[in-house]
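Everything below belongs to my_file_17.cif, which stores mmCIF, C-alpha atoms and all ligand atoms.
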data_target
#
loop_
_atom_site.label_atom_id
_atom_site.label_comp_id
_atom_site.auth_asym_id
_atom_site.auth_seq_id
_atom_site.Cartn_x
_atom_site.Cartn_y
_atom_site.Cartn_z
CA MET W 7 9.07 10.51 16.60
CA ARG W 8 8.63 6.78 16.73
CA ILE W 9 6.05 5.18 18.99
CA ILE W 10 6.36 1.47 19.64
CA THR W 11 3.61 -0.71 21.07
CA ASP W 12 3.19 -4.38 21.86
CA GLY W 13 -0.17 -4.66 20.12
CA ASN W 14 -1.71 -3.35 16.94
CA ILE W 15 -2.14 0.41 16.93
CA SER W 16 -5.37 2.11 16.03
CA PRO W 17 -4.57 5.80 15.99
CA ARG W 18 -7.03 8.65 15.76
CA THR W 19 -5.66 11.99 14.65
CA ILE W 20 -7.15 15.40 15.22
CA LEU W 21 -5.66 18.64 13.90
CA LEU W 22 -6.44 21.72 15.97
CA ASP W 23 -5.72 25.41 15.67
CA SER W 24 -4.56 28.20 18.04
CA PRO W 25 -2.21 26.91 19.08
CA SER W 26 -1.57 24.64 16.09
CA ARG W 27 -1.41 21.07 17.29
CA LEU W 28 -1.78 17.48 16.30
CA VAL W 29 -3.61 15.28 18.77
CA LEU W 30 -2.86 11.61 18.41
CA ASP W 31 -5.04 9.21 20.35
CA LEU W 32 -3.90 5.61 20.64
CA ILE W 33 -7.07 3.76 21.35
CA GLY W 34 -6.87 0.68 23.54
CA ALA W 35 -3.35 1.62 24.67
CA GLU W 36 -1.74 2.00 28.05
CA LEU W 37 1.56 3.64 28.90
CA LYS W 38 4.19 1.22 30.08
CA SER W 39 5.27 2.21 33.57
CA LYS W 40 8.81 3.15 32.58
CA LEU W 41 7.45 5.56 29.99
CA GLN W 42 5.80 7.93 32.42
CA GLU W 43 3.56 10.74 31.41
CA LYS W 44 5.76 13.59 30.34
CA THR W 45 6.31 16.67 28.26
CA PHE W 46 9.39 17.24 26.20
CA THR W 47 10.59 19.70 23.61
CA VAL W 48 12.11 18.97 20.22
CA GLY W 49 13.19 22.12 18.37
CA ASP W 50 10.25 24.47 18.58
CA GLU W 51 7.78 21.67 19.03
CA GLN W 52 6.43 20.54 22.36
CA ILE W 53 5.33 16.94 22.77
CA ARG W 54 3.12 15.84 25.63
CA VAL W 55 2.43 12.18 26.36
CA ALA W 56 -0.36 11.25 28.75
CA GLN W 57 -2.75 8.50 29.69
CA PHE W 58 -5.94 10.28 28.62
CA ASP W 59 -8.23 7.73 30.17
CA THR W 60 -7.96 4.06 31.07
CA SER W 61 -7.78 2.95 27.45
CA ILE W 62 -6.48 5.92 25.48
CA VAL W 63 -2.95 7.27 25.36
CA ARG W 64 -2.96 10.81 24.06
CA ILE W 65 0.08 12.44 22.48
CA VAL W 66 -0.14 16.11 21.60
CA PHE W 67 2.33 17.85 19.32
CA THR W 68 2.21 21.63 19.68
CA GLY W 69 4.27 23.89 17.44
CA PRO W 70 4.19 26.73 14.91
CA LYS W 71 1.32 26.73 12.47
CA SER W 72 3.67 26.12 9.54
CA HIS W 73 4.57 22.67 10.87
CA GLN W 74 3.32 19.90 8.65
CA ARG W 75 2.92 16.60 10.36
CA GLU W 76 2.23 13.21 8.92
CA VAL W 77 1.36 10.01 10.72
CA ARG W 78 2.39 6.64 9.32
CA ILE W 79 1.71 3.16 10.61
CA SER W 80 4.43 0.53 10.18
CA ASP W 81 3.81 -2.68 8.29
CA ASN W 82 3.39 -4.70 11.47
CA GLU W 83 1.07 -2.02 12.89
CA ARG W 84 3.12 -1.77 16.06
CA GLN W 85 5.02 1.37 15.27
CA LEU W 86 3.77 4.82 14.52
CA LEU W 87 6.01 7.31 12.87
CA VAL W 88 5.14 10.94 13.28
CA LEU W 89 6.99 12.99 10.74
CA GLY W 90 7.23 16.65 11.36
CA GLU W 91 9.05 19.83 10.55
CA GLY W 92 12.74 19.30 9.98
CA SER W 93 12.31 15.66 9.01
CA LYS W 94 13.87 14.67 5.72
CA GLN W 95 10.93 12.44 5.01
CA LYS W 96 8.45 15.26 5.28
CA GLN W 97 6.22 16.04 2.34
CA VAL W 98 4.63 19.43 2.46
CA VAL W 99 1.24 19.73 0.91
CA GLU W 100 0.72 23.42 0.40
CA ASN W 101 -1.98 23.64 -2.18
CA PHE W 102 -4.71 21.09 -2.07
CA ASN W 103 -6.51 20.20 -5.21
CA LYS W 104 -10.25 20.74 -5.28
CA LEU W 105 -12.93 18.61 -6.87
CA LEU W 106 -15.26 21.12 -8.50
CA ALA W 107 -17.99 19.11 -10.18
CA ILE W 108 -19.16 15.66 -11.15
CA LYS W 109 -21.74 14.82 -13.79
CA ILE W 110 -22.90 11.90 -15.85
CA SER W 111 -21.56 12.68 -19.32
CA LYS W 112 -23.05 9.63 -20.98
CA THR W 113 -25.49 6.93 -20.01
CA ASP W 114 -27.09 4.36 -22.25
CA ALA W 115 -27.55 0.59 -22.40
CA LYS W 116 -23.82 0.06 -23.00
CA GLU W 117 -22.14 2.37 -20.53
CA THR W 118 -22.29 5.01 -17.83
CA THR W 119 -19.60 7.66 -17.92
CA TYR W 120 -18.89 10.14 -15.14
CA GLN W 121 -16.99 13.34 -15.74
CA ILE W 122 -15.12 14.88 -12.82
CA ASP W 123 -13.65 18.37 -12.99
CA ALA W 124 -10.91 19.52 -10.68
CA GLU W 125 -9.01 22.71 -10.09
CA LYS W 126 -5.62 21.14 -10.85
CA LYS W 127 -4.16 17.95 -12.26
CA LEU W 128 -5.74 15.02 -10.46
CA ASN W 129 -3.72 12.56 -8.42
CA TYR W 130 -5.82 9.47 -7.81
CA LYS W 131 -5.72 5.74 -7.37
CA PHE W 132 -8.48 3.21 -7.66
CA ILE W 133 -9.26 -0.35 -6.81
CA LYS W 134 -12.16 -2.59 -7.64
CA LEU W 135 -13.65 -4.45 -4.71
CA HIS W 136 -16.18 -7.26 -4.58
CA ASP W 137 -19.15 -8.32 -2.43
CA PRO W 138 -20.64 -5.83 -3.01
CA GLU W 139 -19.12 -4.97 -6.36
CA ARG W 140 -17.70 -1.44 -6.26
CA LEU W 141 -15.05 0.92 -7.52
CA VAL W 142 -13.15 2.88 -4.89
CA ILE W 143 -11.31 5.97 -6.08
CA ASP W 144 -9.05 7.96 -3.78
CA PHE W 145 -8.14 11.48 -4.81
CA VAL W 146 -4.94 12.32 -2.98
CA ASP W 147 -4.40 15.76 -1.42
CA THR W 148 -7.84 16.70 -2.63
CA LYS W 149 -10.83 18.31 -0.99
CA LEU W 150 -14.41 18.79 -2.15
CA THR W 151 -16.08 22.08 -2.96
CA ASP W 152 -19.56 22.66 -1.54
CA ALA W 153 -21.18 22.48 -4.95
CA PHE W 154 -19.62 19.14 -5.80
CA GLY W 155 -22.17 16.50 -6.75
CA SER W 156 -25.17 18.68 -5.89
CA ASN W 157 -27.14 17.82 -9.02
CA LEU W 158 -25.91 14.30 -9.49
CA VAL W 159 -28.40 11.51 -10.10
CA SER W 160 -26.80 8.64 -8.28
CA GLU W 161 -28.49 5.69 -9.97
CA THR W 162 -28.01 4.68 -13.62
CA GLY W 163 -28.42 1.47 -15.61
CA HIS W 164 -25.07 0.24 -14.32
CA VAL W 165 -24.62 2.01 -11.02
CA SER W 166 -26.78 1.60 -7.94
CA GLY W 167 -25.20 4.47 -6.03
CA LEU W 168 -22.29 6.86 -5.69
CA ARG W 169 -20.86 8.08 -2.40
CA TYR W 170 -17.98 10.34 -1.48
CA GLY W 171 -16.38 11.92 1.51
CA LEU W 172 -13.12 13.01 3.07
CA ALA W 173 -11.01 10.08 4.30
CA THR W 174 -7.97 11.47 6.01
CA LEU W 175 -5.01 10.39 8.07
CA GLY W 176 -2.61 13.29 8.13
CA ARG W 177 -3.42 14.46 4.62
CA PRO W 178 -6.73 14.98 2.87
CA VAL W 179 -7.91 12.20 0.63
CA THR W 180 -11.33 12.35 -0.95
CA ARG W 181 -12.74 8.88 -1.36
CA MET W 182 -15.42 8.14 -3.92
CA VAL W 183 -17.24 4.83 -4.08
CA ILE W 184 -19.26 3.76 -7.10
CA ASP W 185 -21.54 0.80 -6.41
CA LEU W 186 -21.89 -1.38 -9.48
CA LYS W 187 -24.91 -3.48 -10.35
CA SER W 188 -22.94 -6.37 -11.83
CA LYS W 189 -19.54 -7.97 -11.41
CA ASN W 190 -19.33 -8.39 -15.17
CA TYR W 191 -18.78 -4.71 -15.79
CA THR W 192 -15.40 -3.29 -16.68
CA GLU W 193 -14.11 0.20 -16.03
CA GLU W 194 -11.92 2.61 -17.89
CA PHE W 195 -10.23 5.74 -16.56
CA LYS W 196 -9.34 8.50 -18.99
CA GLU W 197 -7.91 11.92 -18.26
CA SER W 198 -8.03 15.10 -20.27
CA PRO W 199 -4.62 16.24 -21.65
CA THR W 200 -4.19 18.68 -18.74
CA GLY W 201 -5.19 16.03 -16.20
CA THR W 202 -7.81 18.26 -14.58
CA GLN W 203 -10.68 16.26 -15.98
CA LEU W 204 -11.29 12.60 -15.35
CA PHE W 205 -13.72 10.36 -17.19
CA ILE W 206 -14.74 7.17 -15.45
CA ARG W 207 -16.46 4.79 -17.85
CA ILE W 208 -18.45 1.86 -16.54
CA LEU W 209 -18.89 -0.55 -19.42
CA GLY W 210 -21.67 -3.12 -19.45
CA ALA W 211 -20.95 -6.84 -19.78
CA GLY W 212 -19.11 -7.59 -23.02
CA GLN W 213 -18.49 -3.90 -23.75
CA GLY W 214 -15.00 -3.69 -22.28
CA ILE W 215 -12.06 -3.40 -24.62
CA SER W 216 -9.50 -4.48 -22.06
CA SER W 217 -9.98 -7.76 -20.28
CA THR W 218 -9.06 -8.13 -16.65
CA ASN W 219 -9.55 -11.87 -16.84
CA PRO W 220 -6.30 -13.61 -15.87
CA GLU W 221 -7.18 -16.45 -18.24
CA ALA W 222 -6.55 -14.03 -21.09
CA ASP W 223 -2.89 -13.87 -20.13
CA LYS W 224 -2.41 -17.56 -20.65
CA ASP W 225 -0.47 -18.79 -23.62
CA PRO W 226 -3.12 -20.28 -25.95
CA ASN W 227 -0.56 -22.80 -27.23
CA ALA W 228 0.34 -24.15 -23.80
CA VAL W 229 -0.53 -27.79 -23.27
CA PRO W 230 -2.44 -28.19 -20.00
CA GLY W 231 -0.58 -30.30 -17.50
CA GLU W 232 2.63 -30.05 -19.48
CA ASN W 233 4.08 -27.65 -16.98
CA LYS W 234 2.61 -27.48 -13.50
CA VAL W 235 3.34 -23.80 -13.02
CA ASN W 236 1.42 -22.86 -16.13
CA GLY W 237 -1.66 -20.96 -15.05
CA SER W 238 -0.60 -20.72 -11.42
CA LYS W 239 -1.41 -17.33 -9.94
CA VAL W 240 1.07 -15.30 -7.91
CA VAL W 241 0.52 -11.90 -6.33
CA ILE W 242 3.65 -9.76 -5.88
CA ASP W 243 3.34 -6.92 -3.40
CA PRO W 244 5.97 -4.16 -3.61
CA GLY W 245 5.96 -2.60 -0.13
CA HIS W 246 5.10 1.08 0.43
CA GLY W 247 4.52 3.56 -2.43
CA GLY W 248 3.33 7.09 -3.10
CA TYR W 249 3.80 9.33 -0.08
CA ASP W 250 4.71 6.29 1.98
CA HIS W 251 8.41 6.05 1.10
CA GLY W 252 9.29 3.26 3.50
CA ALA W 253 12.89 3.50 4.67
CA ILE W 254 14.93 6.38 3.24
CA TYR W 255 18.72 6.16 3.50
CA GLY W 256 21.59 7.44 1.36
CA GLY W 257 19.24 9.06 -1.09
CA HIS W 258 17.40 5.81 -1.82
CA ASN W 259 13.73 5.15 -1.16
CA GLU W 260 12.65 1.72 -0.08
CA LYS W 261 9.45 1.99 -2.14
CA ASP W 262 11.48 2.32 -5.38
CA ILE W 263 13.76 -0.63 -4.61
CA ASN W 264 10.78 -2.82 -3.71
CA LEU W 265 8.98 -1.90 -6.93
CA ALA W 266 12.07 -2.43 -9.11
CA VAL W 267 12.63 -5.97 -7.81
CA ALA W 268 8.90 -6.77 -7.89
CA SER W 269 8.62 -5.70 -11.54
CA LYS W 270 11.53 -7.96 -12.42
CA VAL W 271 9.95 -10.90 -10.57
CA GLU W 272 6.66 -10.22 -12.35
CA ALA W 273 8.34 -10.30 -15.78
CA LEU W 274 10.26 -13.51 -15.00
CA LEU W 275 7.15 -15.26 -13.69
CA LYS W 276 5.17 -14.30 -16.78
CA GLU W 277 7.98 -15.66 -18.96
CA ALA W 278 7.63 -18.94 -17.08
CA GLY W 279 3.89 -19.09 -17.77
CA VAL W 280 2.76 -18.00 -14.32
CA ALA W 281 -0.07 -15.46 -14.12
CA ALA W 282 1.65 -12.76 -12.06
CA PHE W 283 -0.22 -9.85 -10.50
CA MET W 284 1.10 -6.76 -8.75
CA THR W 285 -0.70 -4.97 -5.93
CA ARG W 286 0.81 -1.80 -7.35
CA ALA W 287 2.67 -1.39 -10.64
CA GLU W 288 3.58 2.24 -10.15
CA ASP W 289 4.57 4.66 -7.42
CA ARG W 290 1.30 5.05 -5.58
CA PHE W 291 0.04 4.59 -2.05
CA ILE W 292 -2.08 1.59 -1.12
CA SER W 293 -2.96 0.56 2.40
CA LEU W 294 -2.12 -2.82 3.88
CA ALA W 295 -5.81 -3.72 3.97
CA GLU W 296 -6.16 -2.89 0.29
CA ARG W 297 -3.14 -5.02 -0.59
CA VAL W 298 -4.73 -7.98 1.13
CA GLU W 299 -8.12 -7.31 -0.42
CA ILE W 300 -6.63 -7.07 -3.91
CA SER W 301 -4.83 -10.36 -3.38
CA ASN W 302 -7.73 -12.23 -1.81
CA ASN W 303 -9.95 -11.18 -4.72
CA ILE W 304 -7.44 -12.62 -7.16
CA ASP W 305 -7.26 -15.76 -4.99
CA PRO W 306 -3.67 -16.61 -5.95
CA ASP W 307 -1.63 -19.72 -5.18
CA ILE W 308 0.77 -17.55 -3.21
CA PHE W 309 1.39 -13.96 -2.08
CA VAL W 310 4.90 -12.48 -1.89
CA SER W 311 5.53 -9.07 -0.33
CA LEU W 312 8.88 -7.38 -0.96
CA HIS W 313 10.51 -4.95 1.46
CA SER W 314 13.92 -3.60 2.38
CA ASN W 315 14.94 -3.55 6.00
CA ALA W 316 16.25 -0.78 8.25
CA VAL W 317 17.62 -0.75 11.79
CA VAL W 318 18.87 2.71 12.63
CA SER W 319 20.51 1.63 15.88
CA ASN W 320 22.73 -0.97 14.23
CA PRO W 321 24.15 -0.04 10.82
CA LYS W 322 26.17 -3.27 10.77
CA MET W 323 23.07 -5.44 10.71
CA ALA W 324 22.87 -7.31 7.40
CA GLY W 325 21.21 -10.13 5.54
CA LEU W 326 18.08 -11.58 4.05
CA GLN W 327 15.05 -12.25 6.22
CA THR W 328 11.78 -13.93 5.31
CA TYR W 329 8.68 -13.56 7.45
CA PHE W 330 5.62 -15.80 7.51
CA PHE W 331 2.56 -16.18 9.69
CA SER W 332 0.72 -19.34 8.67
CA ASP W 333 2.01 -22.89 8.09
CA GLY W 334 1.45 -22.37 4.37
CA GLY W 335 3.61 -19.28 4.50
CA TYR W 336 6.35 -21.19 6.30
CA LYS W 337 6.39 -23.83 3.57
CA LEU W 338 6.69 -21.15 0.89
CA ALA W 339 9.39 -19.32 2.87
CA GLN W 340 11.55 -22.43 2.87
CA PHE W 341 11.67 -22.38 -0.92
CA THR W 342 12.12 -18.67 -1.57
CA HIS W 343 14.47 -18.02 1.35
CA LYS W 344 16.78 -20.93 0.61
CA GLN W 345 17.01 -19.94 -3.05
CA MET W 346 17.93 -16.35 -2.19
CA VAL W 347 20.56 -17.36 0.35
CA ASP W 348 22.01 -19.90 -2.09
CA ASP W 349 22.07 -17.58 -5.11
CA VAL W 350 22.77 -13.99 -4.09
CA GLY W 351 25.60 -14.24 -1.57
CA MET W 352 24.02 -12.33 1.30
CA PRO W 353 24.01 -13.37 4.96
CA ASP W 354 21.20 -15.66 6.05
CA GLY W 355 18.96 -13.55 8.30
CA LYS W 356 16.70 -16.58 8.81
CA ILE W 357 13.04 -17.39 8.34
CA ARG W 358 10.97 -15.74 11.08
CA LYS W 359 7.41 -15.76 12.27
CA ALA W 360 5.65 -12.39 12.67
CA ASN W 361 2.11 -11.15 12.48
CA PHE W 362 2.65 -8.72 9.63
CA TRP W 363 -0.73 -7.64 8.35
CA VAL W 364 -0.25 -8.87 4.78
CA CYS W 365 0.90 -12.31 5.94
CA LYS W 366 -1.77 -12.65 8.59
CA TYR W 367 -4.76 -11.71 6.47
CA SER W 368 -3.80 -13.17 3.09
CA LYS W 369 -5.91 -16.24 2.44
CA SER W 370 -3.14 -17.80 0.35
CA PRO W 371 0.27 -18.84 1.68
CA ALA W 372 2.14 -15.56 2.13
CA VAL W 373 5.66 -14.38 2.85
CA LEU W 374 7.21 -10.99 3.43
CA ILE W 375 10.80 -10.83 2.23
CA GLU W 376 13.22 -8.26 3.65
CA MET W 377 15.76 -8.09 0.84
CA GLY W 378 18.60 -6.50 2.77
CA PHE W 379 19.30 -3.60 5.13
CA MET W 380 19.12 -0.04 3.85
CA THR W 381 20.83 1.09 7.05
CA ASN W 382 23.90 -0.98 6.09
CA SER W 383 25.75 1.10 3.49
CA GLU W 384 27.14 -1.92 1.66
CA GLU W 385 23.77 -3.63 1.38
CA ARG W 386 22.07 -0.37 0.49
CA GLU W 387 24.34 0.12 -2.54
CA LYS W 388 23.62 -3.45 -3.59
CA LEU W 389 19.87 -3.01 -3.18
CA ALA W 390 19.95 0.10 -5.32
CA SER W 391 21.95 -1.57 -8.10
CA ASP W 392 20.24 -3.02 -11.11
CA ARG W 393 22.50 -6.06 -11.01
CA TYR W 394 21.69 -7.10 -7.46
CA GLN W 395 18.01 -6.39 -8.04
CA ALA W 396 18.11 -8.70 -11.06
CA ASP W 397 19.94 -11.44 -9.10
CA LEU W 398 17.43 -11.20 -6.27
CA ALA W 399 14.48 -11.27 -8.67
CA LYS W 400 15.91 -14.36 -10.36
CA ALA W 401 16.39 -16.16 -7.05
CA ILE W 402 12.92 -15.23 -5.75
CA THR W 403 11.33 -16.38 -9.02
CA LYS W 404 13.28 -19.64 -8.96
CA GLY W 405 12.14 -20.30 -5.39
CA ILE W 406 8.52 -19.53 -6.30
CA ILE W 407 8.59 -21.85 -9.30
CA LYS W 408 10.13 -24.70 -7.29
CA TYR W 409 7.42 -24.22 -4.67
CA LEU W 410 4.66 -24.20 -7.31
CA GLU W 411 6.04 -27.32 -8.96
CA GLU W 412 5.88 -29.23 -5.71
CA ASN W 413 2.75 -27.74 -4.18
CA SER W 414 0.21 -26.90 -6.87
ZN ZN W 501 9.08 -1.89 4.28
#
What do you get writing this file as structure tokens?
Amino acid sequence: MRIITDGNISPRTILLDSPSRLVLDLIGAELKSKLQEKTFTVGDEQIRVAQFDTSIVRIVFTGPKSHQREVRISDNERQLLVLGEGSKQKQVVENFNKLLAIKISKTDAKETTYQIDAEKKLNYKFIKLHDPERLVIDFVDTKLTDAFGSNLVSETGHVSGLRYGLATLGRPVTRMVIDLKSKNYTEEFKESPTGTQLFIRILGAGQGISSTNPEADKDPNAVPGENKVNGSKVVIDPGHGGYDHGAIYGGHNEKDINLAVASKVEALLKEAGVAAFMTRAEDRFISLAERVEISNNIDPDIFVSLHSNAVVSNPKMAGLQTYFFSDGGYKLAQFTHKQMVDDVGMPDGKIRKANFWVCKYSKSPAVLIEMGFMTNSEEREKLASDRYQADLAKAITKGIIKYLEENS
């Protein structure tokens, strides 16, 4: 079920038992008059839409207990997708993982190391955030046991505190936050061979073996000023990831196409001497807010988000579209969009203004590129082919470099 609104959606989900139902509250929303309050049935699921009070629209999905439902928010935050039983995009989470214990396995002047034990192989992602300096680790499809963390001393030489709790939207995610005492610390994640144990090492200043300093990526032989793009910073954002597949058509996942092209752009930019960063380099979920936060912390010259389009109602729809929000984004779009249209032989779907989250909240000039329509079978085959992906990556990189040469 797709729910479309004219403003940003802030959903609240509640799962209830007997009968099994998902309650979805859209806060600050009002039903449009033509969409009257009603109840309808899809398969063995009953859906009831009602104005709960003056500012909350409540949608209740009632069905058999075995129904797994997942709620996703679209990139522009104006569409909600509720995936349920019978949907191809459904992912059933039958057996949650459990976090059993956490302890400090080592703490001295040089480092603090936490050891986390789980029932099964851990599936996690982490990001480092600033002001205040902290590490945020999300354990996907994972719950806590009662004994977890009961004897943990939360402060060490490097850590001022450690918090955790269940952060969930449709599926259980345990979020752990480690507050660091200095921004000069580095972190290292190591798993046991079975993946059920995770060691998080916080290394004091100068103790890290891997540098996260972008300056380290620079070619030491490069002559400053010789090439204007040298040392420029670009963040590439492959849309979707992990359980958020994006569009799925003809056996292809949007998240994979986006990542494939993004990785190629990253490699080409690095070859050209640009410090390129990815918001995700593998198949994992990150929220829109995290993408923006990652980018704003890097403080790049530009931000480029890559997506593949889909319009179910019109499978003929085709072409390249580039979205921007700010004037800076518009300027960037003119370079990247023109280069793509010139080089890859796809219809010109135009440069468009939209308040996509990543464009709106990125501090740097930002664009969101829709690289073609997955609902158009011809374009879908192209998007999935290595050759077209490489052509697109080349054109996007060329556009970025031309922009950087003229604007940095
Ligand atoms: Zn997308």
Inset, instruction - Could the residues that lie within 8 Å of ligand ZN 501 (chain W), counting only C-alpha atoms and all ligand atoms, be listed as a ChimeraX atom specification? - result: /W:80-81,245-246,252-253,260-261,312-315,376
Inset, instruction - Mind giving me the straight-line distance from CA of Tyr191 in chain W to CA of His164 in chain W in Å, one decimal? - result: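 Atom-to-atom, CA of Tyr191 in chain W and CA of His164 in chain W are spaced 8.1 Å apart.
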Neighbours of Tyr249 in chain W within 7 Å (only C-alpha atoms; same-chain residues fewer than 2 positions away dropped), as a compact mmCIF listing (two decimals) with C-alpha atoms, in the frame of the given file?
# COMPACT_ATOMS: atom_id res chain seq x y z
CA GLY W 247 4.52 3.56 -2.43
CA HIS W 251 8.41 6.05 1.10
CA PHE W 291 0.04 4.59 -2.05
Legend entry - Glu51 in chain W environment, 6 Å, only C-alpha atoms, sequence neighbours closer than 4 positions dropped, as a PyMOL selection string: chain W and resi 47+68-69
Inset, instruction - Pick out the closest residue to Pro199 in chain W from this set: W:Ala339, W:Lys126, W:Asn413, W:Trp363. Count all atoms listed in the file. - result: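 Closest to Pro199 in chain W, using all atoms listed in the file: W:Lys126.
The shortest atom-to-atom distance to Pro306 in chain W, with only C-alpha atoms taken into account, belongs to W:Pro371 out of W:Gly167, W:Gly155, W:Pro371, W:Gly201.
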Inset, instruction - Identify which of the residues W:Val142, W:Leu105, W:Ile10, W:Ala372 lies closest to Leu86 in chain W, counting all atoms listed in the file when measuring atom-to-atom distances. - result: W:Ile10
Legend entry - Shell around Leu326 in chain W at 9 Å using all atoms listed in the file, local window under 6 positions removed, as number ranges by chain: W: 315, 343, 346-347, 352-357, 375-379
Legend entry - For Leu204 in chain W, the nearest of the candidates W:Leu186, W:Ala287, W:Ile110, W:Ala115, counting only C-alpha atoms: W:Ile110
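With all atoms listed in the file as the atoms that count, the minimum distance from Val183 in chain W to the choices W:Gln203, W:Ser160, W:Thr328, W:Gln52 is reached by W:Ser160.
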Legend entry - Spatial neighbours of Ser269 in chain W, max dist 12 Å, all atoms listed in the file, sep filter under 2 positions, as a ChimeraX atom specification: /W:241-244,262-267,271-276,282-289,312,392,395-396,398-400,402-403
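Reported to one decimal place, the separation of CA of Arg358 in chain W from CA of Thr381 in chain W is 19.9 Å.
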Inset, instruction - Record the distance separating CA of Asn303 in chain W and CA of Ile143 in chain W, expressed in Å with one decimal. - result: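 Pair CA of Asn303 in chain W / CA of Ile143 in chain W returns 17.3 Å.
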Inset, instruction - Considering all atoms listed in the file, state which residue in the set W:Glu411, W:Asp349, W:Asp305, W:Glu43 is at the smallest distance from Asp397 in chain W. - result: W:Asp349
